[in-house]
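Enquirer: If it helps, the file is called input07.txt and holds compact mmCIF, C-alpha atoms and all ligand atoms:
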```txt
# COMPACT_ATOMS: atom_id res chain seq x y z
CA MET A 1 0.00 0.00 0.00
CA ASN A 2 1.21 3.50 -0.82
CA GLU A 3 2.63 5.43 2.13
CA GLN A 4 0.06 8.07 3.04
CA ALA A 5 1.46 11.57 3.37
CA LEU A 6 -1.67 13.47 4.42
CA SER A 7 -4.21 12.84 7.12
CA VAL A 8 -7.76 12.36 5.86
CA ARG A 9 -8.64 15.81 7.14
CA GLU A 10 -5.61 17.41 5.50
CA ALA A 11 -6.40 15.75 2.20
CA ILE A 12 -10.02 16.92 2.32
CA VAL A 13 -9.36 20.53 3.28
CA THR A 14 -6.26 21.14 1.17
CA ARG A 15 -7.45 19.50 -2.07
CA ARG A 16 -8.21 21.93 -4.85
CA SER A 17 -9.59 21.35 -8.30
CA ILE A 18 -6.63 21.92 -10.59
CA LYS A 19 -7.54 23.70 -13.78
CA ASN A 20 -3.99 24.60 -14.88
CA PHE A 21 -1.82 21.57 -15.27
CA ASN A 22 1.84 21.88 -16.25
CA GLY A 23 2.01 19.29 -19.03
CA GLN A 24 4.12 16.71 -17.20
CA PRO A 25 3.05 13.16 -17.96
CA ILE A 26 1.28 10.94 -15.45
CA GLU A 27 2.87 7.57 -14.81
CA PRO A 28 0.25 5.07 -16.05
CA GLU A 29 0.93 2.69 -13.10
CA ILE A 30 -0.58 5.10 -10.60
CA ILE A 31 -4.04 4.84 -12.17
CA PRO A 32 -4.82 1.23 -11.11
CA GLU A 33 -3.12 1.83 -7.76
CA ILE A 34 -5.39 4.78 -7.01
CA ILE A 35 -8.50 3.02 -8.28
CA GLU A 36 -7.78 -0.08 -6.21
CA ASP A 37 -8.08 2.06 -3.07
CA ALA A 38 -10.84 4.36 -4.34
CA VAL A 39 -13.33 1.51 -4.89
CA TRP A 40 -13.74 1.27 -1.14
CA ALA A 41 -16.31 4.01 -1.66
CA PRO A 42 -19.70 3.28 -0.09
CA ASN A 43 -22.29 1.88 -2.48
CA HIS A 44 -25.72 0.49 -1.74
CA GLY A 45 -26.31 -3.22 -2.21
CA ASN A 46 -22.61 -3.58 -3.13
CA ARG A 47 -23.72 -2.87 -6.70
CA ASN A 48 -20.34 -1.31 -7.53
CA PRO A 49 -22.27 1.01 -9.84
CA TRP A 50 -19.34 2.25 -11.89
CA ARG A 51 -16.88 1.43 -14.55
CA LEU A 52 -13.93 3.55 -15.48
CA ILE A 53 -12.30 4.30 -18.81
CA ALA A 54 -8.79 5.50 -18.14
CA ALA A 55 -6.02 6.83 -20.35
CA ALA A 56 -2.49 7.82 -19.39
CA GLY A 57 0.84 7.81 -21.22
CA GLU A 58 0.57 6.81 -24.88
CA GLN A 59 -3.11 6.05 -24.47
CA TYR A 60 -3.67 9.60 -23.33
CA ASP A 61 -1.97 10.80 -26.52
CA GLU A 62 -4.45 8.68 -28.49
CA LEU A 63 -7.34 10.03 -26.45
CA LEU A 64 -6.24 13.58 -27.25
CA GLU A 65 -7.24 12.96 -30.88
CA VAL A 66 -10.78 12.16 -29.76
CA LEU A 67 -10.86 15.11 -27.36
CA LYS A 68 -9.77 17.38 -30.19
CA GLU A 69 -12.66 16.23 -32.32
CA PHE A 70 -15.32 16.59 -29.65
CA GLY A 71 -13.90 19.19 -27.29
CA VAL A 72 -12.65 21.90 -29.63
CA ALA A 73 -15.26 23.74 -31.69
CA ASN A 74 -14.42 24.02 -35.40
CA TRP A 75 -11.06 22.35 -34.87
CA LYS A 76 -10.65 21.67 -38.58
CA GLN A 77 -10.82 25.36 -39.38
CA LEU A 78 -8.28 26.49 -36.79
CA SER A 79 -4.67 27.35 -37.53
CA ASP A 80 -2.12 25.00 -35.98
CA GLU A 81 -1.30 27.69 -33.44
CA ASP A 82 -4.91 28.29 -32.42
CA LEU A 83 -5.60 24.58 -32.28
CA GLU A 84 -2.60 24.08 -30.00
CA LYS A 85 -3.87 26.87 -27.75
CA GLN A 86 -7.38 25.42 -27.61
CA MET A 87 -6.01 21.96 -26.92
CA LYS A 88 -4.03 23.17 -23.89
CA LYS A 89 -7.03 22.38 -21.65
CA PHE A 90 -6.46 18.72 -22.57
CA THR A 91 -2.75 18.50 -23.43
CA SER A 92 -1.65 20.14 -20.17
CA ALA A 93 -3.17 17.24 -18.17
CA GLY A 94 -1.45 13.86 -18.16
CA ALA A 95 -4.35 11.46 -17.84
CA ALA A 96 -8.13 11.21 -17.81
CA ILE A 97 -10.56 8.85 -16.16
CA PHE A 98 -14.13 8.73 -17.44
CA VAL A 99 -16.53 7.50 -14.80
CA VAL A 100 -19.47 5.58 -16.25
CA VAL A 101 -22.56 4.78 -14.20
CA PRO A 102 -25.44 2.44 -15.08
CA GLU A 103 -28.76 4.23 -15.38
CA ASP A 104 -30.97 2.01 -13.29
CA SER A 105 -34.62 2.15 -14.39
CA ARG A 106 -35.61 2.43 -10.71
CA GLN A 107 -35.31 6.03 -9.59
CA LYS A 108 -34.11 5.33 -6.04
CA GLU A 109 -31.37 3.00 -7.23
CA ARG A 110 -30.34 5.40 -9.98
CA LEU A 111 -29.92 8.19 -7.46
CA GLU A 112 -28.03 5.94 -5.06
CA ASP A 113 -25.71 4.78 -7.83
CA PHE A 114 -24.94 8.33 -8.93
CA ALA A 115 -24.26 9.26 -5.30
CA ALA A 116 -22.01 6.23 -4.78
CA ALA A 117 -20.02 6.96 -7.94
CA SER A 118 -19.58 10.54 -6.73
CA THR A 119 -17.96 9.25 -3.55
CA LEU A 120 -15.69 7.07 -5.69
CA ILE A 121 -14.68 10.14 -7.67
CA GLN A 122 -13.90 12.10 -4.52
CA ASN A 123 -11.83 9.15 -3.27
CA ILE A 124 -9.83 9.24 -6.50
CA GLN A 125 -9.36 12.99 -6.13
CA LEU A 126 -8.14 12.69 -2.56
CA LEU A 127 -5.84 9.72 -3.26
CA ALA A 128 -4.32 11.54 -6.23
CA TRP A 129 -3.90 14.68 -4.13
CA ASP A 130 -2.10 12.62 -1.51
CA ARG A 131 0.45 11.72 -4.22
CA GLY A 132 0.83 15.32 -5.32
CA VAL A 133 -1.27 14.77 -8.43
CA GLY A 134 -3.99 17.29 -9.21
CA THR A 135 -7.44 16.45 -10.53
CA CYS A 136 -10.47 18.22 -11.84
CA TRP A 137 -13.93 16.73 -12.21
CA LYS A 138 -15.17 18.01 -15.57
CA THR A 139 -18.59 17.68 -17.15
CA PRO A 140 -18.23 19.10 -20.67
CA PRO A 141 -21.41 18.70 -22.73
CA PHE A 142 -19.69 16.34 -25.19
CA LEU A 143 -19.83 13.58 -22.54
CA ASP A 144 -23.46 13.08 -23.65
CA ASN A 145 -22.73 13.34 -27.38
CA PRO A 146 -23.86 10.02 -28.94
CA LYS A 147 -20.85 9.95 -31.29
CA PHE A 148 -18.42 10.58 -28.43
CA ARG A 149 -20.14 7.91 -26.34
CA GLU A 150 -19.76 5.49 -29.23
CA ARG A 151 -16.04 6.29 -29.55
CA MET A 152 -15.64 5.60 -25.83
CA GLY A 153 -17.58 2.32 -26.02
CA VAL A 154 -20.32 3.59 -23.71
CA GLN A 155 -23.49 1.53 -24.00
CA ALA A 156 -27.17 2.47 -23.94
CA GLY A 157 -28.24 2.59 -20.30
CA GLU A 158 -24.89 4.01 -19.18
CA ARG A 159 -23.97 7.61 -18.47
CA ILE A 160 -20.56 9.26 -18.28
CA ILE A 161 -20.81 11.38 -15.15
CA SER A 162 -17.28 12.72 -15.10
CA MET A 163 -14.23 13.31 -17.16
CA LEU A 164 -11.73 13.36 -14.34
CA GLN A 165 -8.53 15.02 -15.47
CA LEU A 166 -5.30 14.18 -13.70
CA GLY A 167 -2.07 16.05 -13.99
CA HIS A 168 0.89 17.67 -12.35
CA PHE A 169 0.75 21.33 -11.50
CA ASP A 170 3.02 24.15 -10.38
CA ALA A 171 0.67 25.94 -7.99
CA ALA A 172 -2.68 25.16 -6.43
CA PRO A 173 -5.38 27.83 -6.79
CA LYS A 174 -6.73 29.71 -3.81
CA ALA A 175 -9.63 28.04 -2.03
CA THR A 176 -13.12 29.08 -3.02
CA PRO A 177 -14.74 29.77 0.35
CA ARG A 178 -17.63 27.61 1.44
CA LYS A 179 -20.75 28.82 3.24
CA PRO A 180 -20.20 28.99 6.99
CA VAL A 181 -21.47 26.09 9.06
CA ASP A 182 -23.99 28.33 10.85
CA GLU A 183 -25.62 29.12 7.54
CA ILE A 184 -26.02 25.56 6.36
CA VAL A 185 -26.83 23.70 9.58
CA THR A 186 -29.91 23.91 11.71
CA TYR A 187 -30.18 21.75 14.78
CA PHE A 188 -33.30 19.72 15.14
CA GLY A 189 -35.45 20.93 18.00
CA HIS A 190 -33.33 24.04 18.54
CA ASN A 191 -35.33 27.21 18.66
CA GLU A 192 -33.94 30.76 18.62
CA GLN A 193 -36.69 31.78 21.05
CA ASP A 194 -35.13 29.46 23.69
CA GLU A 195 -31.78 31.21 23.27
CA ALA A 196 -33.28 34.69 23.83
CA GLU A 197 -34.89 33.67 27.12
C1 LIG B 201 -20.35 17.51 -10.54
C2 LIG B 201 -19.21 18.44 -10.80
C3 LIG B 201 -18.99 18.91 -12.08
C4 LIG B 201 -17.94 19.78 -12.35
N1 LIG B 201 -17.72 20.19 -13.63
C5 LIG B 201 -16.71 21.04 -13.89
C6 LIG B 201 -16.46 21.47 -15.23
O1 LIG B 201 -17.13 21.06 -16.17
N2 LIG B 201 -15.45 22.33 -15.43
C7 LIG B 201 -14.67 22.79 -14.41
O2 LIG B 201 -13.76 23.60 -14.65
N3 LIG B 201 -14.85 22.38 -13.13
C8 LIG B 201 -15.85 21.52 -12.85
N4 LIG B 201 -16.05 21.07 -11.58
C9 LIG B 201 -15.10 21.47 -10.52
C10 LIG B 201 -15.63 22.62 -9.72
O3 LIG B 201 -15.65 23.77 -10.51
C11 LIG B 201 -14.77 22.81 -8.47
O4 LIG B 201 -14.95 21.71 -7.63
C12 LIG B 201 -15.12 24.08 -7.75
O5 LIG B 201 -14.58 25.14 -8.48
C13 LIG B 201 -14.61 24.11 -6.32
O6 LIG B 201 -13.21 24.10 -6.34
P1 LIG B 201 -12.39 23.11 -5.42
O7 LIG B 201 -12.73 21.73 -5.86
O8 LIG B 201 -10.95 23.48 -5.67
O9 LIG B 201 -12.78 23.41 -4.02
C14 LIG B 201 -17.09 20.20 -11.28
C15 LIG B 201 -17.30 19.71 -9.98
C16 LIG B 201 -18.35 18.84 -9.75
C17 LIG B 201 -18.54 18.31 -8.35
```
Can I see the file as structure tokens?
Expert:
Amino acid sequence: MNEQALSVREAIVTRRSIKNFNGQPIEPEIIPEIIEDAVWAPNHGNRNPWRLIAAAGEQYDELLEVLKEFGVANWKQLSDEDLEKQMKKFTSAGAAIFVVVPEDSRQKERLEDFAAASTLIQNIQLLAWDRGVGTCWKTPPFLDNPKFRERMGVQAGERIISMLQLGHFDAAPKATPRKPVDEIVTYFGHNEQDEAE
């Protein structure tokens, strides 16, 4: 098992979504290592409601061709220079993991499965962060494009809920503040009237 550098709390509070990667490659071996740990995410009925399509190293280079086609508008019309600029959002990362969830026909199960896969994604993000690798959960509209789905081998009844980018980075962005606890929590049975008395 990989030596853990951060406490759980440290990993949670220091993780940032990385939107500016520095172009350094991701070692393909880390992908299965991270996923092996991340699958300990909670999931109802032990349905393991996820499958992952990952690309790093040479496979990421191949994936870039697909991302160019679906993720850059009018890519055929762009100059080489403009295309390179537009592609930076993909080429600067070193790997991607697409998280695919079955769309259960039962609404409760579908919601549970989406929730479970979200916890898997956060596990991946935290485990990557612990290794000094940045991630960003992305949901570009092309994830639902039938032609893109076909290229990725996604079947009817499945949904890609995340393109998780992984990459190295020079600096983490500043935290985006969250709402204060007082604003988001009410305590059952607690009544401001009681406090005033
Ligand atoms: C469901 C979901 C979808 C997201 N989609 C995108 C996206 O398409 N593009 C993007 O730049 N960030 C996306 N993000 C990342 C958020 O923008 C990011 O988590 C937010 O800015 C908070 O930053 P932090 O994670 O560093 O705290 C997504 C996050 C979630 C949870």
Enquirer: Identify which of the residues A:Trp40, A:Trp75, A:Tyr60, A:Trp50 lies closest to Phe114 (chain A), counting all atoms listed in the file when measuring atom-to-atom distances.
Expert: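 Answer, going by the shortest atom-to-atom distance: A:Trp50.
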Enquirer: Identify, on the basis of only C-alpha atoms, every residue whose closest approach to Thr14 (chain A) does not exceed 10 Å; exclude the query and any residue fewer than 4 positions from it along the same chain; express the result as JSON, numbers by chain.
Expert: {"A": [6, 9, 10, 126, 129, 130, 172, 174, 175]}
Enquirer: Please identify all polymer residues within 12 Å of Val154 (chain A), counting only C-alpha atoms, omitting same-chain residues fewer than 2 positions from it, and present them as a list in words.
Expert: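 The filter keeps Trp50, Arg51, Leu52, Ile53, Phe98, Val99, Val100, Val101, Pro102, Glu103, Leu143, Asp144, Asn145, Pro146, Lys147, Phe148, Arg149, Glu150, Arg151, Met152, Ala156, Gly157, Glu158, Arg159, Ile160 and Ile161 of chain A.
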Enquirer: Hey, which residues come within 10 Å of ligand LIG 201 (chain B) if we count only C-alpha atoms and all ligand atoms? Could you give them as a ChimeraX atom specification?
Expert: /A:12-20,89,118,121-122,125,134-141,161-165,172-178
Enquirer: I need the chosen residues saved as a PDB file, keeping the file's coordinate frame, with C-alpha atoms.
Expert:
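Here's the written file part_34.pdb:
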```pdb
ATOM      1  CA  ILE A  12     -10.020  16.920   2.320  1.00  0.00           C
ATOM      2  CA  VAL A  13      -9.360  20.530   3.280  1.00  0.00           C
ATOM      3  CA  THR A  14      -6.260  21.140   1.170  1.00  0.00           C
ATOM      4  CA  ARG A  15      -7.450  19.500  -2.070  1.00  0.00           C
ATOM      5  CA  ARG A  16      -8.210  21.930  -4.850  1.00  0.00           C
ATOM      6  CA  SER A  17      -9.590  21.350  -8.300  1.00  0.00           C
ATOM      7  CA  ILE A  18      -6.630  21.920 -10.590  1.00  0.00           C
ATOM      8  CA  LYS A  19      -7.540  23.700 -13.780  1.00  0.00           C
ATOM      9  CA  ASN A  20      -3.990  24.600 -14.880  1.00  0.00           C
ATOM     10  CA  LYS A  89      -7.030  22.380 -21.650  1.00  0.00           C
ATOM     11  CA  SER A 118     -19.580  10.540  -6.730  1.00  0.00           C
ATOM     12  CA  ILE A 121     -14.680  10.140  -7.670  1.00  0.00           C
ATOM     13  CA  GLN A 122     -13.900  12.100  -4.520  1.00  0.00           C
ATOM     14  CA  GLN A 125      -9.360  12.990  -6.130  1.00  0.00           C
ATOM     15  CA  GLY A 134      -3.990  17.290  -9.210  1.00  0.00           C
ATOM     16  CA  THR A 135      -7.440  16.450 -10.530  1.00  0.00           C
ATOM     17  CA  CYS A 136     -10.470  18.220 -11.840  1.00  0.00           C
ATOM     18  CA  TRP A 137     -13.930  16.730 -12.210  1.00  0.00           C
ATOM     19  CA  LYS A 138     -15.170  18.010 -15.570  1.00  0.00           C
ATOM     20  CA  THR A 139     -18.590  17.680 -17.150  1.00  0.00           C
ATOM     21  CA  PRO A 140     -18.230  19.100 -20.670  1.00  0.00           C
ATOM     22  CA  PRO A 141     -21.410  18.700 -22.730  1.00  0.00           C
ATOM     23  CA  ILE A 161     -20.810  11.380 -15.150  1.00  0.00           C
ATOM     24  CA  SER A 162     -17.280  12.720 -15.100  1.00  0.00           C
ATOM     25  CA  MET A 163     -14.230  13.310 -17.160  1.00  0.00           C
ATOM     26  CA  LEU A 164     -11.730  13.360 -14.340  1.00  0.00           C
ATOM     27  CA  GLN A 165      -8.530  15.020 -15.470  1.00  0.00           C
ATOM     28  CA  ALA A 172      -2.680  25.160  -6.430  1.00  0.00           C
ATOM     29  CA  PRO A 173      -5.380  27.830  -6.790  1.00  0.00           C
ATOM     30  CA  LYS A 174      -6.730  29.710  -3.810  1.00  0.00           C
ATOM     31  CA  ALA A 175      -9.630  28.040  -2.030  1.00  0.00           C
ATOM     32  CA  THR A 176     -13.120  29.080  -3.020  1.00  0.00           C
ATOM     33  CA  PRO A 177     -14.740  29.770   0.350  1.00  0.00           C
ATOM     34  CA  ARG A 178     -17.630  27.610   1.440  1.00  0.00           C
TER      35      ARG A 178
END
```
Enquirer: So the first atom is CA of Ala95 (chain A) and the second is CA of His44 (chain A); what is the distance between them in Å, to one decimal place?
Expert: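 For CA of Ala95 (chain A) relative to CA of His44 (chain A), the distance reads 28.9 Å.
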Enquirer: Each residue of region 72-162 of chain A lying at most 10 Å from region 45-48 of chain A should get a row with its shortest atom-to-atom pair and the distance in Å to one decimal, counting only C-alpha atoms; could you produce that, ordered by chain and increasing number, as JSON lines?
Expert:
```
{"residue": "A:Val101", "atom": "CA", "partner": "A:Asn48", "partner_atom": "CA", "distance": 9.3}
{"residue": "A:Pro102", "atom": "CA", "partner": "A:Asn48", "partner_atom": "CA", "distance": 9.9}
{"residue": "A:Glu109", "atom": "CA", "partner": "A:Gly45", "partner_atom": "CA", "distance": 9.5}
{"residue": "A:Glu112", "atom": "CA", "partner": "A:Gly45", "partner_atom": "CA", "distance": 9.7}
{"residue": "A:Asp113", "atom": "CA", "partner": "A:Arg47", "partner_atom": "CA", "distance": 8.0}
{"residue": "A:Ala116", "atom": "CA", "partner": "A:Asn48", "partner_atom": "CA", "distance": 8.2}
{"residue": "A:Ala117", "atom": "CA", "partner": "A:Asn48", "partner_atom": "CA", "distance": 8.3}
{"residue": "A:Leu120", "atom": "CA", "partner": "A:Asn48", "partner_atom": "CA", "distance": 9.8}
```
Enquirer: With distances taken over only C-alpha atoms, which residue among A:Gln24, A:Thr91, A:Gln107, A:Ser7 lies nearest Leu63 (chain A)?
Expert: A:Thr91
Enquirer: Excluding Ile124 (chain A) and any residue of its chain fewer than 4 positions from it, enumerate the residues within 9 Å of it, using all atoms listed in the file, and give them as a list in words.
Expert: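 The contact residues come out as Ile34, Ile35, Asp37, Ala38, Val39, Thr119, Leu120, Ala128, Trp129 and Thr135 of chain A.
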Enquirer: CA of Asn22 (chain A) to CA of Phe169 (chain A): how many Å, to one decimal?
Expert: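 Distance reported for this atom pair: 4.9 Å.
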Enquirer: Counting all atoms listed in the file, note down every residue that has an atom within 12 Å of the point (-4.4, 8.5, -25.5) (file coordinates), as a list in words.
Expert: Pro25, Ile26, Pro28, Ile53, Ala54, Ala55, Ala56, Gly57, Glu58, Gln59, Tyr60, Asp61, Glu62, Leu63, Leu64, Glu65, Val66, Leu67, Lys68, Phe90, Thr91, Ala93, Gly94, Ala95, Ala96, Ile97 and Met152 of chain A
Enquirer: Which residue out of A:Phe142, A:Ala115, A:Ala11, A:Gly153 has the minimum interatomic distance to Gly71 (chain A) when all atoms listed in the file are used?
Expert: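 Checking each of A:Phe142, A:Ala115, A:Ala11, A:Gly153 against Gly71 (chain A), counting all atoms listed in the file, the winner is A:Phe142.
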Enquirer: In Å, with one decimal, what is the gap from CA of Glu27 (chain A) to CA of Leu127 (chain A)?
Expert: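 One can read the CA of Glu27 (chain A) to CA of Leu127 (chain A) distance as 14.6 Å.
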Enquirer: Using only the atoms of region 42-52 of chain A listed in the file, plus 4 Å on each side, state the axis-aligned box centre and edge lengths in Å rounded to one decimal, as lines of an AutoDock Vina configuration file.
Expert:
```
center_x = -20.1
center_y = 0.0
center_z = -7.8
size_x = 20.4
size_y = 15.1
size_z = 23.4
```
